[in-house]
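Colleague: What follows is a single structure, and I will ask about it in a moment.
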Amino acid sequence: MHVNRQCMEPSQIEFLAEKETVAIKPNFSEDKITLITGDLGPFEPQIPIDVPLWLAVNLRQRRKCQIITPDWMNIDVLKERKQEEADSQLFHPPLHAHYLEFSTIVLGASNEVENADEVRTLIKDIYDIRVAKLRKSINNMVNYDGGGGRPLSHAVINNITAMELNTVKQFFVKSLDHLHNLRNHAEICLTDPRYT
């Protein structure tokens with residue numbers, strides 16, 4: 001049986017992130033905007049309203065709004081989270097379900113983000129720390145021997161984002177396939193009299 005184990009492309013994960021909402025301050029008046037997913041509005045100048053990220057970017061490109069930087073993109077919040085991630089072996093809940101993609105889109109579309117370069121650097125640092133922990137966790141899982149020669153058959157890793165998982169998924173699945181094949185071959189060699 002063939003199992004499709006292809007990873008989502010980063011652009012597909014970014015597409016999912018664009019559906020998340022962000023607050024904007026429009027500089028136009030509109031009763032409502034009708035979308036497939038429902039109506040948005042009313043839009044009134046300088047009155048914050050939550051809209052999908054893709055719409056915020058579109059309106060920003062047309063100079064129709066200002067994107068309000070989410071609280072979790074604040075320098076102090078990011079520095080604190082970076083330290084928490086560095087100090088712990090466990091994964092803290094992510095800043096946002098799509099923090100890397102979301103922040104990349106906001107930083108690329110908006111010039112209203114204070115200390116944009118530092119925000120970008122801190123988010124990348126947090127991502128790198130989390131991916132390093134994820135790789136270490138995978139390595140520990142693959143090399144785990146719970147005693148009696150029985151390998152670990154599954155693991156639970158909480159608080160991982162789709163982009164972080166996507167980073168290691170192909171390598172992880174291939175590694176587990178090879179490990180499974182090696183263990184099966186070793187078991188056959190130990191039980192089959194032709195190999196003794």
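Naming works like this for the structure tokens: A, B, ... for the chains as they're shown, residue 1 at the start of each chain, ligands 1 onward in shown order.
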What residues in stretch 84-146 of chain A get the DSSP label alpha helix (DSSP H)? Please answer as a PyMOL selection string.
Modeller: chain A and resi 84-87+99-109+116-143
Colleague: Among chain A, which ones does DSSP place in strand (DSSP E or B), written as an mmCIF file with C-alpha atoms, in the first residue's frame?
Modeller:
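The resulting file, result.cif, is shown below:
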data_model
loop_
_atom_site.group_PDB
_atom_site.id
_atom_site.type_symbol
_atom_site.label_atom_id
_atom_site.label_comp_id
_atom_site.auth_asym_id
_atom_site.auth_seq_id
_atom_site.Cartn_x
_atom_site.Cartn_y
_atom_site.Cartn_z
ATOM 1 C CA THR A 21 -7.390 37.789 11.422
ATOM 2 C CA VAL A 22 -5.528 40.979 12.174
ATOM 3 C CA ALA A 23 -6.773 44.365 13.339
ATOM 4 C CA ILE A 24 -6.615 47.293 10.946
ATOM 5 C CA LYS A 25 -7.508 50.967 11.084
ATOM 6 C CA PRO A 26 -9.215 51.747 7.775
ATOM 7 C CA GLU A 30 -17.845 51.298 3.748
ATOM 8 C CA ILE A 33 -17.659 44.032 2.198
ATOM 9 C CA THR A 34 -19.279 40.766 1.133
ATOM 10 C CA LEU A 35 -16.944 37.766 0.884
ATOM 11 C CA GLY A 38 -19.276 36.234 5.131
ATOM 12 C CA ASP A 39 -19.696 39.951 5.462
ATOM 13 C CA LEU A 40 -17.103 42.260 6.998
ATOM 14 C CA PHE A 43 -15.577 50.130 7.981
ATOM 15 C CA ILE A 49 -11.757 46.208 12.859
ATOM 16 C CA ASP A 50 -10.544 42.597 12.514
ATOM 17 C CA VAL A 51 -10.157 41.297 8.970
ATOM 18 C CA PRO A 52 -8.376 38.311 7.386
ATOM 19 C CA CYS A 65 -5.607 51.039 6.008
ATOM 20 C CA GLN A 66 -2.972 50.774 8.649
ATOM 21 C CA ILE A 67 -2.235 47.284 10.000
ATOM 22 C CA ASP A 145 15.280 2.168 23.999
ATOM 23 C CA PRO A 151 11.792 0.741 20.671
#
Colleague: Would you list the contacts of A:Glu20 as a VMD selection string, taking every protein, DNA or RNA residue within 6 Å and counting only C-alpha atoms, but skipping same-chain residues closer than 2 positions in sequence?
Modeller: chain A and resid 17 to 18 52 to 53
Colleague: Can you tell me which residues surround stretch 95-105 of chain A at a distance of at most 9 Å, considering only C-alpha atoms, apart from same-chain residues fewer than 6 positions away, and format the answer as a VMD selection string?
Modeller: chain A and resid 10 13 to 18 20 53 to 54 57 72 to 73 78 81 119 to 120 123 to 124 127 159 to 163
Colleague: Which residues come within 12 Å of A:Ala132, counting only C-alpha atoms, excluding same-chain residues fewer than 4 positions away, as a PDB file with N, CA and C atoms, in the first residue's frame?
Modeller:
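Listed below is the output, part_23.pdb:
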ATOM      1  N   GLU A  85      11.978  30.033  25.732  1.00  0.00           N
ATOM      2  CA  GLU A  85      12.246  28.894  24.837  1.00  0.00           C
ATOM      3  C   GLU A  85      13.670  28.386  25.022  1.00  0.00           C
ATOM      4  N   ALA A  86      14.620  29.300  25.183  1.00  0.00           N
ATOM      5  CA  ALA A  86      16.019  28.898  25.350  1.00  0.00           C
ATOM      6  C   ALA A  86      16.251  28.188  26.679  1.00  0.00           C
ATOM      7  N   GLN A  89      13.432  22.823  28.028  1.00  0.00           N
ATOM      8  CA  GLN A  89      13.497  21.721  27.064  1.00  0.00           C
ATOM      9  C   GLN A  89      12.146  21.468  26.433  1.00  0.00           C
ATOM     10  N   LEU A  90      11.083  21.929  27.085  1.00  0.00           N
ATOM     11  CA  LEU A  90       9.727  21.739  26.572  1.00  0.00           C
ATOM     12  C   LEU A  90       9.345  22.886  25.640  1.00  0.00           C
ATOM     13  N   PHE A  91       8.333  22.633  24.833  1.00  0.00           N
ATOM     14  CA  PHE A  91       7.842  23.655  23.916  1.00  0.00           C
ATOM     15  C   PHE A  91       6.756  24.466  24.601  1.00  0.00           C
ATOM     16  N   ASP A 125      14.979  34.012  15.670  1.00  0.00           N
ATOM     17  CA  ASP A 125      15.693  33.347  16.767  1.00  0.00           C
ATOM     18  C   ASP A 125      14.778  32.357  17.497  1.00  0.00           C
ATOM     19  N   ILE A 126      13.549  32.790  17.780  1.00  0.00           N
ATOM     20  CA  ILE A 126      12.589  31.903  18.447  1.00  0.00           C
ATOM     21  C   ILE A 126      12.320  30.674  17.590  1.00  0.00           C
ATOM     22  N   TYR A 127      12.118  30.879  16.299  1.00  0.00           N
ATOM     23  CA  TYR A 127      11.888  29.769  15.370  1.00  0.00           C
ATOM     24  C   TYR A 127      13.079  28.812  15.379  1.00  0.00           C
ATOM     25  N   ASP A 128      14.292  29.354  15.292  1.00  0.00           N
ATOM     26  CA  ASP A 128      15.496  28.505  15.274  1.00  0.00           C
ATOM     27  C   ASP A 128      15.638  27.697  16.564  1.00  0.00           C
ATOM     28  N   LYS A 136      16.129  17.792  18.272  1.00  0.00           N
ATOM     29  CA  LYS A 136      16.672  17.050  19.410  1.00  0.00           C
ATOM     30  C   LYS A 136      15.641  16.049  19.927  1.00  0.00           C
ATOM     31  N   SER A 137      14.382  16.450  19.990  1.00  0.00           N
ATOM     32  CA  SER A 137      13.313  15.547  20.436  1.00  0.00           C
ATOM     33  C   SER A 137      13.182  14.354  19.502  1.00  0.00           C
ATOM     34  N   ILE A 138      13.270  14.604  18.208  1.00  0.00           N
ATOM     35  CA  ILE A 138      13.182  13.522  17.223  1.00  0.00           C
ATOM     36  C   ILE A 138      14.363  12.585  17.379  1.00  0.00           C
ATOM     37  N   ASN A 139      15.541  13.146  17.558  1.00  0.00           N
ATOM     38  CA  ASN A 139      16.734  12.322  17.747  1.00  0.00           C
ATOM     39  C   ASN A 139      16.591  11.454  18.991  1.00  0.00           C
ATOM     40  N   GLU A 164       6.822  24.649  11.687  1.00  0.00           N
ATOM     41  CA  GLU A 164       7.904  23.963  12.400  1.00  0.00           C
ATOM     42  C   GLU A 164       7.887  22.469  12.080  1.00  0.00           C
ATOM     43  N   LEU A 165       6.721  21.872  12.118  1.00  0.00           N
ATOM     44  CA  LEU A 165       6.600  20.451  11.812  1.00  0.00           C
ATOM     45  C   LEU A 165       6.994  20.169  10.365  1.00  0.00           C
ATOM     46  N   THR A 167       9.145  21.637   8.650  1.00  0.00           N
ATOM     47  CA  THR A 167      10.596  21.741   8.513  1.00  0.00           C
ATOM     48  C   THR A 167      11.278  20.381   8.680  1.00  0.00           C
ATOM     49  N   VAL A 168      10.751  19.540   9.562  1.00  0.00           N
ATOM     50  CA  VAL A 168      11.413  18.273   9.875  1.00  0.00           C
ATOM     51  C   VAL A 168      10.652  17.044   9.388  1.00  0.00           C
TER      52      VAL A 168
END
Colleague: Nearest to A:Asn74 among A:Asn158, A:Gln61, A:Asn115, A:Asn181, with distances taken over only C-alpha atoms: which residue is it?
Modeller: A:Asn115
Colleague: Would you mind listing what lies within 9 Å of A:Arg63 as a list of chain:residue names, with only C-alpha atoms counted and same-chain residues fewer than 4 positions away left out?
Modeller: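 Answer for this query is A:Asn27, A:Asn58, A:Leu59.
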Colleague: Could you write those residues out with N, CA and C atoms, as a compact mmCIF listing (two decimals), in the first residue's frame?
Modeller:
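Listed below is the output, selection.txt:
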# COMPACT_ATOMS: atom_id res chain seq x y z
N ASN A 27 -8.93 53.77 6.49
CA ASN A 27 -9.03 55.21 6.27
C ASN A 27 -10.11 55.50 5.22
N ASN A 58 -3.97 43.45 1.26
CA ASN A 58 -4.52 44.06 0.05
C ASN A 58 -4.90 45.52 0.28
N LEU A 59 -5.59 45.79 1.38
CA LEU A 59 -5.98 47.17 1.69
C LEU A 59 -4.76 48.04 1.97
Colleague: Between atom CA of A:Lys174 and atom CA of A:Val156, what distance in Å does the model show, to one decimal?
Modeller: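 We find that atom CA of A:Lys174 and atom CA of A:Val156 lie 18.4 Å from each other.
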Colleague: Rounded to one decimal place, report the atom CA of A:Glu112-atom CA of A:Val131 distance in Å.
Modeller: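 Distance between the two atoms: 28.7 Å.
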Colleague: Which residue, A:Met8, A:Asp31, A:Ile129, A:Val173, has the smallest gap to A:Lys82 when you use only C-alpha atoms?
Modeller: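 With only C-alpha atoms as the atom set, the closest residue is A:Ile129.
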